[in-house]
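Asker: Just work_38.txt, nothing more (compact mmCIF, C-alpha atoms):
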```txt
# COMPACT_ATOMS: atom_id res chain seq x y z
CA MET A 1 127.72 -37.79 -57.88
CA LYS A 2 125.44 -38.15 -54.87
CA ALA A 3 124.00 -41.35 -56.35
CA LEU A 4 127.52 -42.75 -56.83
CA ILE A 5 128.38 -42.07 -53.19
CA GLN A 6 125.12 -43.70 -52.09
CA LYS A 7 126.00 -46.75 -54.21
CA ASP A 8 129.35 -47.10 -52.47
CA VAL A 9 127.79 -46.64 -49.03
CA TYR A 10 125.20 -49.33 -49.73
CA VAL A 11 127.94 -51.69 -50.93
CA LEU A 12 130.09 -51.01 -47.87
CA TRP A 13 127.30 -50.93 -45.28
CA LYS A 14 127.53 -54.57 -44.19
CA GLN A 15 131.24 -54.19 -43.62
CA MET A 16 130.85 -50.80 -41.93
CA LYS A 17 128.45 -52.08 -39.24
CA ILE A 18 131.15 -54.40 -37.91
CA PHE A 19 133.78 -51.79 -38.72
CA ILE A 20 132.27 -49.29 -36.26
CA ILE A 21 132.54 -51.81 -33.42
CA VAL A 22 136.13 -52.60 -34.37
CA MET A 23 136.93 -48.88 -34.46
CA LEU A 24 135.58 -48.35 -30.95
CA VAL A 25 137.60 -51.26 -29.58
CA ILE A 26 140.82 -50.07 -31.23
CA MET A 27 140.24 -46.48 -30.15
CA ALA A 28 139.44 -47.39 -26.54
CA GLY A 29 142.34 -49.77 -26.15
CA ASN A 30 145.14 -47.80 -27.81
CA GLY A 31 144.68 -44.19 -26.75
CA SER A 32 146.11 -41.55 -29.09
CA PHE A 33 147.51 -43.99 -31.63
CA GLY A 34 144.19 -45.84 -31.80
CA SER A 35 142.31 -42.62 -32.49
CA VAL A 36 144.74 -41.58 -35.22
CA PHE A 37 144.72 -45.04 -36.77
CA VAL A 38 140.91 -45.18 -36.84
CA VAL A 39 140.63 -41.89 -38.77
CA ILE A 40 143.22 -42.94 -41.35
CA TRP A 41 141.77 -46.45 -41.59
CA CYS A 42 138.33 -45.06 -42.40
CA ALA A 43 139.82 -43.01 -45.22
CA MET A 44 140.87 -46.29 -46.86
CA LEU A 45 137.26 -47.35 -47.49
CA PRO A 46 137.21 -45.94 -51.07
CA TYR A 47 139.79 -48.59 -51.95
CA THR A 48 137.36 -51.28 -50.88
CA ALA A 49 134.66 -49.64 -52.99
CA LEU A 50 137.06 -49.57 -55.96
CA ALA A 51 137.83 -53.26 -55.44
CA TYR A 52 134.11 -54.09 -55.55
CA ASP A 53 133.75 -51.96 -58.68
CA GLU A 54 136.55 -53.85 -60.42
CA ARG A 55 135.14 -57.22 -59.41
CA CYS A 56 131.67 -56.34 -60.72
CA LYS A 57 132.97 -54.65 -63.92
CA TRP A 58 131.35 -51.41 -62.81
CA ASP A 59 133.57 -49.32 -65.11
CA GLN A 60 132.02 -50.96 -68.16
CA LEU A 61 128.50 -50.31 -66.87
CA ALA A 62 129.31 -46.74 -65.86
CA ALA A 63 130.57 -46.03 -69.39
CA MET A 64 127.04 -46.67 -70.66
CA MET A 65 125.46 -44.38 -68.06
CA PRO A 66 125.35 -40.57 -67.91
CA TYR A 67 128.31 -40.31 -65.55
CA SER A 68 131.34 -38.26 -66.51
CA PRO A 69 134.89 -39.16 -65.42
CA ARG A 70 134.66 -36.17 -63.09
CA ASP A 71 131.68 -37.70 -61.28
CA LEU A 72 133.36 -41.10 -60.96
CA VAL A 73 136.61 -39.64 -59.66
CA LEU A 74 135.20 -37.05 -57.28
CA SER A 75 132.77 -39.56 -55.75
CA LYS A 76 135.72 -41.61 -54.46
CA TYR A 77 137.50 -38.56 -53.05
CA VAL A 78 134.33 -37.32 -51.36
CA LEU A 79 133.63 -40.79 -49.97
CA GLY A 80 137.09 -40.85 -48.41
CA TRP A 81 136.70 -37.37 -46.94
CA LEU A 82 133.28 -38.20 -45.51
CA CYS A 83 134.50 -41.45 -43.96
CA ALA A 84 137.55 -39.79 -42.41
CA GLY A 85 135.47 -36.85 -41.19
CA ALA A 86 132.82 -39.13 -39.69
CA ALA A 87 135.55 -41.12 -37.94
CA GLY A 88 137.04 -37.91 -36.57
CA VAL A 89 133.67 -36.81 -35.18
CA LEU A 90 133.13 -40.27 -33.67
CA VAL A 91 136.59 -40.15 -32.07
CA LEU A 92 135.99 -36.70 -30.58
CA ALA A 93 132.57 -37.76 -29.25
CA ALA A 94 134.01 -40.93 -27.69
CA GLN A 95 136.89 -38.98 -26.15
CA ALA A 96 134.39 -36.52 -24.64
CA VAL A 97 132.41 -39.39 -23.10
CA ILE A 98 135.61 -40.92 -21.68
CA ARG A 99 136.59 -37.61 -20.09
CA VAL A 100 133.13 -36.89 -18.65
CA LEU A 101 132.38 -40.27 -17.06
CA PRO A 102 135.46 -40.59 -16.41
CA LEU A 103 136.63 -43.97 -17.66
CA PRO A 104 140.06 -45.51 -16.97
CA LEU A 105 141.05 -45.18 -20.63
CA GLU A 106 143.59 -43.07 -22.46
CA THR A 107 142.35 -40.09 -24.44
CA SER A 108 143.83 -38.17 -27.35
CA SER A 109 144.09 -34.48 -28.14
CA PRO A 110 141.82 -32.83 -30.72
CA LEU A 111 145.06 -31.70 -32.36
CA ALA A 112 145.94 -35.36 -32.96
CA VAL A 113 142.56 -35.88 -34.63
CA LEU A 114 143.11 -32.83 -36.86
CA ILE A 115 146.56 -34.04 -37.91
CA SER A 116 145.25 -37.55 -38.56
CA PHE A 117 142.42 -36.20 -40.73
CA CYS A 118 144.87 -34.14 -42.77
CA ALA A 119 147.14 -37.20 -43.04
CA SER A 120 144.22 -39.26 -44.34
CA VAL A 121 143.43 -36.60 -46.96
CA CYS A 122 147.09 -36.59 -48.02
CA THR A 123 147.06 -40.37 -48.24
CA LEU A 124 144.00 -40.31 -50.48
CA ALA A 125 145.57 -37.63 -52.66
CA ILE A 126 148.72 -39.70 -53.19
CA THR A 127 147.24 -43.16 -53.56
CA LEU A 128 143.95 -42.67 -55.45
CA PRO A 129 145.71 -41.75 -58.73
CA LEU A 130 147.67 -45.01 -58.36
CA MET A 131 144.42 -46.92 -57.85
CA PHE A 132 142.84 -45.33 -60.93
CA ARG A 133 145.96 -45.91 -63.03
CA PHE A 134 146.93 -49.47 -62.05
CA GLY A 135 143.75 -50.79 -60.41
CA VAL A 136 143.35 -51.93 -56.83
CA GLU A 137 145.20 -55.23 -57.24
CA ARG A 138 148.32 -53.84 -58.92
CA GLY A 139 148.28 -50.65 -56.85
CA ARG A 140 147.89 -52.48 -53.57
CA MET A 141 151.61 -52.47 -52.71
CA GLY A 142 151.83 -48.71 -53.07
CA MET A 143 148.68 -48.34 -50.99
CA PHE A 144 150.03 -50.56 -48.19
CA LEU A 145 153.33 -48.67 -48.19
CA MET A 146 151.55 -45.34 -47.82
CA ILE A 147 149.28 -46.68 -45.07
CA PHE A 148 152.31 -47.97 -43.18
CA LEU A 149 154.22 -44.71 -43.50
CA VAL A 150 151.26 -42.48 -42.67
CA CYS A 151 150.07 -44.57 -39.70
CA GLY A 152 153.59 -44.72 -38.30
CA GLY A 153 154.17 -41.00 -38.71
CA ALA A 154 150.72 -39.98 -37.47
CA GLY A 155 151.00 -42.35 -34.52
CA ALA A 156 154.31 -40.78 -33.53
CA LEU A 157 152.77 -37.31 -33.81
CA ALA A 158 149.80 -38.39 -31.71
CA ALA A 159 152.13 -39.70 -29.00
CA ILE A 160 153.97 -36.37 -28.99
CA VAL A 161 150.76 -34.33 -28.90
CA ASP A 162 149.41 -36.31 -25.96
CA PRO A 163 152.45 -37.86 -24.20
CA GLY A 164 150.58 -39.69 -21.44
CA GLY A 165 149.80 -36.57 -19.46
CA ALA A 166 153.40 -35.29 -19.45
CA PRO A 167 153.92 -31.64 -20.38
CA VAL A 168 155.00 -30.92 -23.93
CA PRO A 169 158.27 -28.91 -24.19
CA GLY A 170 157.86 -25.37 -25.45
CA ASN A 171 159.83 -25.86 -28.66
CA MET A 172 157.90 -29.05 -29.42
CA ALA A 173 154.58 -27.29 -28.73
CA ALA A 174 155.54 -24.57 -31.21
CA LEU A 175 156.48 -27.21 -33.78
CA LEU A 176 153.15 -28.97 -33.32
CA SER A 177 151.26 -25.71 -33.64
CA MET A 178 153.07 -25.10 -36.92
CA ALA A 179 152.25 -28.66 -38.02
CA ALA A 180 148.58 -28.04 -37.25
CA VAL A 181 148.68 -25.08 -39.63
CA LEU A 182 150.80 -26.69 -42.35
CA ALA A 183 148.96 -30.04 -42.38
CA PRO A 184 145.69 -28.61 -43.82
CA ILE A 185 147.71 -26.63 -46.36
CA ALA A 186 149.60 -29.75 -47.44
CA ALA A 187 146.32 -31.67 -47.70
CA ALA A 188 144.76 -28.93 -49.84
CA VAL A 189 147.78 -28.66 -52.16
CA LEU A 190 148.11 -32.42 -52.66
CA THR A 191 144.38 -32.72 -53.31
CA ALA A 192 144.49 -29.87 -55.84
CA VAL A 193 147.20 -31.77 -57.74
CA SER A 194 145.72 -35.23 -57.25
CA ILE A 195 142.19 -34.64 -58.55
CA PRO A 196 143.19 -33.28 -62.00
CA LEU A 197 145.71 -36.13 -62.31
CA SER A 198 143.04 -38.72 -61.51
CA LEU A 199 140.64 -37.07 -63.96
CA ARG A 200 143.26 -37.25 -66.70
CA ILE A 201 143.94 -40.92 -65.95
CA CYS A 202 140.26 -41.88 -65.97
CA ALA A 203 139.57 -39.90 -69.15
CA ALA A 204 142.47 -41.64 -70.90
CA ARG A 205 141.18 -45.08 -69.88
CA ARG A 206 137.74 -44.51 -71.44
```
Starting from the coordinates I provided, produce the structure as structure tokens.
Answerer:
Amino acid sequence: MKALIQKDVYVLWKQMKIFIIVMLVIMAGNGSFGSVFVVIWCAMLPYTALAYDERCKWDQLAAMMPYSPRDLVLSKYVLGWLCAGAAGVLVLAAQAVIRVLPLPLETSSPLAVLISFCASVCTLAITLPLMFRFGVERGRMGMFLMIFLVCGGAGALAAIVDPGGAPVPGNMAALLSMAAVLAPIAAAVLTAVSIPLSLRICAARR
């Protein structure tokens, strides 16, 4: 599986070099929403890798190699988790630099980054089975719908978590604390359902 992830990283590397610059611009110019959007956006990179695989007929080649459906499926999930996690670390590091210097830019709460990471994991769990079942082209509408819904919801949560320096009401703070606990649980449950479903789909397509 490590070799499969390396393959995807090599394929995406040219795009990712420009992508990092774009992420920094979006994050610096849009405060909390930009930080949340960057983390979720990075989690979408496995879809680009899947699109390249379809274009190059990688599935046919992989069928002749010693890769099981489990390896092929898990590599895409792990790639998404790594990309979202790396984006979260980059966001936190950039926010720390902005606070230390200090720069006249908006910053976001670590809680917003945690929620956005969990949202990206949930998005992967919901949409990857669709990508494996229908392919990237036919599953694109479902993917775009999920991205729109998740980005909108996560952006609203980020604005509530860090409302421009205004204090958060007590009842809202309690709700957000509960969300910070429930979000990882939701991500874990959806992933536990999603991976076996994707494995079944890929095994049936072979």
Asker: Go ahead and compute the interatomic distance for CA of Trp81 (chain A) and CA of Gln60 (chain A), in Å to one decimal.
Answerer: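 Rounded to one decimal, the two atoms are 25.6 Å apart.
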Asker: Specify the axis-aligned box that encloses all atoms of region 3-14 of chain A listed in the file after padding of 4 Å on each side, stating its centre and edge lengths in Å to one decimal as JSON.
Answerer:
```
{"center_x": 127.0, "center_y": -48.0, "center_z": -50.5, "size_x": 14.1, "size_y": 21.2, "size_z": 20.6}
```
Asker: For CA of Gln95 (chain A) and CA of Val39 (chain A), determine how far apart the two atoms are, in Å to one decimal place.
Answerer: 13.5 Å
Asker: Find the residues around region 114-119 of chain A up to 8 Å (only C-alpha atoms counted), leave out those fewer than 4 positions away in its own chain, and share them as a list in words.
Answerer: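 Listing them by chain and then by number gives Val36, Phe37, Val39, Ile40, Ala84, Gly85, Gly88, Pro110, Thr123, Val150, Ala154, Ala179, Ala180, Ala183, Pro184, Ala186 and Ala187 of chain A.
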Asker: CA of Val25 (chain A) and CA of Leu101 (chain A), how far apart in Å?
Answerer: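 Atom-to-atom, CA of Leu101 (chain A) and CA of Val25 (chain A) are spaced 17.5 Å apart.
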Asker: Using only C-alpha atoms, which of A:Met131, A:Ile98, A:Leu197, A:Ala188 sits nearest Glu54 (chain A)?
Answerer: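 For Glu54 (chain A), the nearest of the given residues is A:Met131.
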Asker: From the set A:Val136, A:Val121, A:Val189, A:Ala204, which residue has the shortest atom-to-atom contact distance to Asp53 (chain A), counting only C-alpha atoms?
Answerer: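 Of A:Val136, A:Val121, A:Val189, A:Ala204, the one nearest Asp53 (chain A) is A:Val136, counting only C-alpha atoms.
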Asker: Find the residues near Arg133 (chain A): any atom within 9 Å, counting all atoms listed in the file, skip ones fewer than 2 places away on the same chain, and give them as a short mmCIF file (atom, residue, chain, number, x, y, z; two decimals) with C-alpha atoms, in the coordinates of the input.
Answerer:
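As a result, result12.cif now contains:
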```cif
data_model
loop_
_atom_site.label_atom_id
_atom_site.label_comp_id
_atom_site.auth_asym_id
_atom_site.auth_seq_id
_atom_site.Cartn_x
_atom_site.Cartn_y
_atom_site.Cartn_z
CA LEU A 128 143.95 -42.67 -55.45
CA PRO A 129 145.71 -41.75 -58.73
CA LEU A 130 147.67 -45.01 -58.36
CA MET A 131 144.42 -46.92 -57.85
CA GLY A 135 143.75 -50.79 -60.41
CA GLY A 139 148.28 -50.65 -56.85
CA SER A 198 143.04 -38.72 -61.51
CA ILE A 201 143.94 -40.92 -65.95
CA CYS A 202 140.26 -41.88 -65.97
CA ARG A 205 141.18 -45.08 -69.88
#
```
Asker: Within 7 Å of region 67-79 of chain A, counting all atoms listed in the file, which residues show up once you throw out same-chain ones fewer than 3 positions away? Write them as a ChimeraX atom specification, please.
Answerer: /A:1,4-5,46,62,82-83,198-199,202-203
Asker: Give the answer as one residue: which of A:Leu124, A:Leu12, A:Ile20, A:Leu182 has the shortest atom-to-atom distance to Val91 (chain A), using all atoms listed in the file?
Answerer: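 Closest candidate: A:Ile20.
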Asker: So, with only C-alpha atoms as the atoms that count, which of A:Ala51, A:Val38, A:Cys56, A:Ile185 lies closest to Val113 (chain A)?
Answerer: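 Among the listed residues, A:Val38 lies closest to Val113 (chain A).
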